[in-house]
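Novice: Just passing along the structure, written as structure tokens.
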Amino acid sequence: MTPADAPTRTAPHTGSVREIPNLLSVAGTDPTGGAGIHADLKSFAAHRTYGMAAVTALVAQNTGGVRAIHVPEAEFLAAQLASVTDDVAVDGVKIGMLGTVEVIETVAAWWDGLWTGRAERPALVLDPVMVATSGDRLLDAEAESALLAFLSRADLITPNVPELALLAGREPAGDAETLIAQARVVADAHSVLVLAKGGHLAAGDVVDILVHPAVDGVRPPEHRAAGPRVETTSTHGTGCSVSAALAALRARGLSWEEAVDEVKVWMTEALRDAERLDVGVGHGPIQHFAQLWR
Ligand SMILES: Nc1ncnc2c1ncn2[C@@H]1O[C@H](COP(=O)(O)OP(=O)(O)O)[C@@H](O)[C@H]1O
Ligand SMILES: Cc1ncc(COP(=O)(O)OP(=O)(O)O)c(N)n1
């Protein structure tokens with residue numbers, strides 16, 4: 001590792017680090033426990049933080065796919081969000097499935113009312129959930145531009161290959177260099193850090209790449225976290241779990257680079273250990289507690 005790549009430990013946005021940080025997931029549900037808020041809560045716990053969740057959408061899904069989606073009224077989502085932040089000091093936020101324009105506007109109004117423009121605010125990690133592993137849509141087509149307009153609120157976004165292509169307005173990348181080029185376009189357009197996840201690239205090691213936006217024409221070097229490809233069909237909820245883990249580690253005081261490295265190692269173990277679970281007949285969940293339950 002060169003000095004420029006060396007991770008630095010920096011303070012989170014909230015100033016001091018709480019002994020056990022409070023993490024909030026704003027996302028949809030998965031009654032089989034593999035994705036959405038269920039994955040996020042396990043991921044928060046696996047990374048030694050206290051997990052909370054506000055539900056954007058109730059999703060009837062399992063390891064085989066999505067059967068139905070029910071989006072509660074916007075006022076009810078707003079009430080959930082206010083219930084948390086009226087009472088609890090939040091140290092980190094992960095946003096996942098937003099689903100509709102109305103949900104995006106509700107979450108934006110909550111976030112802007114509390115934190116936009118304030119120096120001391122929790123770090124926000126946004127997983128731009130659009131399509132499930134099963135191929136089912138989780139974001140209305142007409143909500144794509146609203147999602148783009150939301151991105152600049154986040155500190156870090158975590159698109160996979162097809163999501164990044166959509167955000168960049170390009171064809172899906174086939175190699176790491178194209179992935180980086182697209183991540184730069186999105187990072188600059190929305191002034192946001194981009195973790196471009198490489199799970200959908202061709203066989204070989206899997207690399208996730210952290211790309212910074214350029215400031216005054218200067219861009220810090222990208223940071224790569226590579227790991228072996230695990231041969232498994234148990235990949236349901238990997239993206240949800242990664243974004244939640246990054247929010248948790250950031251709230252614990254790690255730099256983004258440190259967090260990305262730690263999450264990569266953790267995810268590889270969670271995918272390897274998934275074979276010990278016996279959940280469903282489709283794309284099964286990962287084993288969030290692989291390192292804890294040896
Ligand atoms: N087969 C695999 N082996 C090892 N790591 C993987 C594998 N598939 C995905 N990952 C990791 O899981 C995370 C999610 O990656 P990806 O599949 O690209 O996104 P998504 O789950 O959102 O589709 C990333 O950290 C990626 O490196
Ligand atoms: C409620 C909910 N949120 C997100 C997803 C996406 O999960 P999945 O399809 O497994 O994709 P990744 O998490 O791996 O990106 C979902 N299915 N449900």
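Each chain of the structure tokens is named A, B, ... in the order shown, its residues numbered from 1; ligands are numbered from 1 in display order.
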Return as an mmCIF file with C-alpha atoms, in the first residue's frame every polymer residue, whether protein, DNA or RNA, with at least one atom no more than 6 Å from an atom of ligand 2; count only C-alpha atoms and all ligand atoms.

Specialist:
data_model
loop_
_atom_site.group_PDB
_atom_site.id
_atom_site.type_symbol
_atom_site.label_atom_id
_atom_site.label_comp_id
_atom_site.auth_asym_id
_atom_site.auth_seq_id
_atom_site.Cartn_x
_atom_site.Cartn_y
_atom_site.Cartn_z
ATOM 1 C CA GLY A 28 -38.034 -2.088 2.503
ATOM 2 C CA THR A 29 -38.736 -5.505 4.037
ATOM 3 C CA ASP A 30 -37.997 -9.143 3.210
ATOM 4 C CA ALA A 35 -32.508 -8.443 2.238
ATOM 5 C CA GLY A 36 -33.878 -4.993 3.125
ATOM 6 C CA MET A 97 -35.277 0.689 -1.259
ATOM 7 C CA VAL A 129 -31.783 -0.107 -5.014
ATOM 8 C CA ALA A 132 -33.599 -7.233 -7.107
ATOM 9 C CA THR A 133 -31.227 -10.163 -7.790
ATOM 10 C CA THR A 235 -26.048 -13.691 -2.789
ATOM 11 C CA HIS A 236 -29.455 -12.353 -1.727
ATOM 12 C CA GLY A 237 -29.032 -9.137 0.226
ATOM 13 C CA THR A 238 -25.292 -8.660 -0.320
ATOM 14 C CA GLY A 239 -25.751 -5.065 -1.475
ATOM 15 C CA CYS A 240 -28.075 -4.222 1.435
#

Novice: Give me, as a PyMOL selection string, all polymer residues having an atom no more than 12 Å from segment 61-77 of chain A, counting only C-alpha atoms and skipping those fewer than 5 positions away in the same chain.

Specialist: chain A and resi 26-36+53-56+82-84+97-110+131-140+233-237+278-286

Novice: Let me see if you get this right: every residue at most 7 Å from ligand 1, counting only C-alpha atoms and all ligand atoms, written as a list in words.

Specialist: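 The neighbouring residues of ligand 1 are, in order, Thr133, Pro159, Asn160, Val161, Lys197, Gly198, Gly199, His200, Val206, Val207, Asp208, Gly227, Pro228, Arg229, Val230, Glu231, Thr232, Thr235, Gly237, Thr238, Gly239, Cys240, Val242, Lys264, Met267, Thr268 and Leu271 of chain A.
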
Novice: Just give me the gap between atom CA of Ala196 of chain A and atom CA of Glu269 of chain A in Å, one decimal is fine.

Specialist: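 Going from atom CA of Ala196 of chain A over to atom CA of Glu269 of chain A, I get 19.9 Å.
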
Novice: Report, in Å to a single decimal, how far apart atom CA of Glu163 of chain A and atom CA of Ala202 of chain A are.

Specialist: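 Pair atom CA of Ala202 of chain A / atom CA of Glu163 of chain A returns 16.4 Å.
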
Novice: Would you list, as a PyMOL selection string, the residues of segment 91-286 of chain A that end up in alpha helix (DSSP H) under DSSP run on this structure's backbone?

Specialist: chain A and resi 101-114+144-150+161-168+176-190+238-251+256-272

Novice: Give me, as a PyMOL selection string, all polymer residues having an atom no more than 10 Å from Leu166 of chain A, counting only C-alpha atoms and skipping those fewer than 6 positions away in the same chain.

Specialist: chain A and resi 130+144+148+159+172+182+186

Novice: Just N, CA and C atoms for this one: save the residues we selected as a compact mmCIF listing (two decimals), in the first residue's frame.

Specialist:
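Saved as again35.txt:
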# COMPACT_ATOMS: atom_id res chain seq x y z
N MET A 130 -32.60 -0.60 -7.22
CA MET A 130 -33.48 -0.45 -8.39
C MET A 130 -34.13 -1.77 -8.79
N GLU A 144 -36.88 7.30 -11.15
CA GLU A 144 -35.42 7.32 -11.36
C GLU A 144 -34.85 8.73 -11.29
N LEU A 148 -32.06 10.32 -8.66
CA LEU A 148 -30.86 11.06 -9.07
C LEU A 148 -30.77 12.39 -8.30
N PRO A 159 -23.58 1.68 -5.70
CA PRO A 159 -24.25 0.99 -6.82
C PRO A 159 -23.52 -0.29 -7.24
N PRO A 172 -23.90 -1.05 -19.12
CA PRO A 172 -23.21 -1.68 -17.99
C PRO A 172 -21.74 -1.97 -18.29
N GLN A 182 -17.25 5.29 -15.06
CA GLN A 182 -18.65 5.60 -14.77
C GLN A 182 -18.81 6.15 -13.35
N VAL A 186 -20.53 9.83 -12.08
CA VAL A 186 -21.60 9.95 -11.07
C VAL A 186 -21.10 10.73 -9.85

Novice: Do you have the atom CA of Glu177 of chain A-atom CA of Ile157 of chain A distance handy?

Specialist: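 Calculated distance between atom CA of Glu177 of chain A and atom CA of Ile157 of chain A is 18.5 Å.
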
Novice: Choose the residue, out of A:Trp293, A:Leu201, A:Leu193, A:Ala244, that has the smallest atom-to-atom separation from Glu257 of chain A; count only C-alpha atoms.

Specialist: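 Of A:Trp293, A:Leu201, A:Leu193, A:Ala244, the one nearest Glu257 of chain A is A:Leu193, counting only C-alpha atoms.
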
Novice: Do a neighbour search on Val211 of chain A at 12 Å with only C-alpha atoms, toss out local chain neighbours closer than 6 positions, and write the hits as JSON, numbers by chain.

Specialist: {"A": [155, 156, 157, 158, 159, 176, 177, 179, 180, 181, 182, 183, 184, 185, 186, 187, 188, 191, 192, 193, 194, 195, 196, 197, 219, 220, 221, 222, 223, 224, 225, 256, 257, 260]}

Novice: Which parts of segment 182-289 of chain A does DSSP call strand (DSSP E or B) when run on the backbone here, written out as a list in words?

Specialist: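 Of segment 182-289 of chain A, the ones in strand (DSSP E or B) are Leu193, Val194, Leu195, Ala196, Lys197, Val206, Val207, Asp208, Ile209, Leu210, Val211, Val215, Val218, His223, Arg224, Ala225, Ala226, Gly227, His236 and Pro285 of chain A.
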
Novice: Store the residues picked out above, limited to C-alpha atoms, as a short mmCIF file (atom, residue, chain, number, x, y, z; two decimals), in the first residue's frame.

Specialist:
data_model
loop_
_atom_site.label_atom_id
_atom_site.label_comp_id
_atom_site.auth_asym_id
_atom_site.auth_seq_id
_atom_site.Cartn_x
_atom_site.Cartn_y
_atom_site.Cartn_z
CA LEU A 193 -18.28 9.26 -2.91
CA VAL A 194 -19.08 6.19 -5.02
CA LEU A 195 -18.31 2.60 -4.03
CA ALA A 196 -18.61 0.80 -7.36
CA LYS A 197 -19.26 -2.87 -6.49
CA VAL A 206 -14.19 -9.50 -7.03
CA VAL A 207 -13.14 -5.88 -6.63
CA ASP A 208 -15.05 -2.99 -5.06
CA ILE A 209 -13.66 0.45 -5.95
CA LEU A 210 -14.08 3.65 -3.93
CA VAL A 211 -14.07 6.71 -6.19
CA VAL A 215 -12.79 19.00 -6.00
CA VAL A 218 -8.29 17.39 -8.09
CA HIS A 223 -9.18 2.82 -3.40
CA ARG A 224 -9.60 -0.84 -4.42
CA ALA A 225 -10.69 -3.66 -2.15
CA ALA A 226 -10.31 -7.04 -3.84
CA GLY A 227 -11.18 -10.53 -2.60
CA HIS A 236 -29.46 -12.35 -1.73
CA PRO A 285 -29.09 -15.17 2.29
#

Novice: So which residues touch Arg250 of chain A within 8 Å, counting only C-alpha atoms, skipping near sequence neighbours fewer than 3 positions away, as a count of residues only?

Specialist: 10
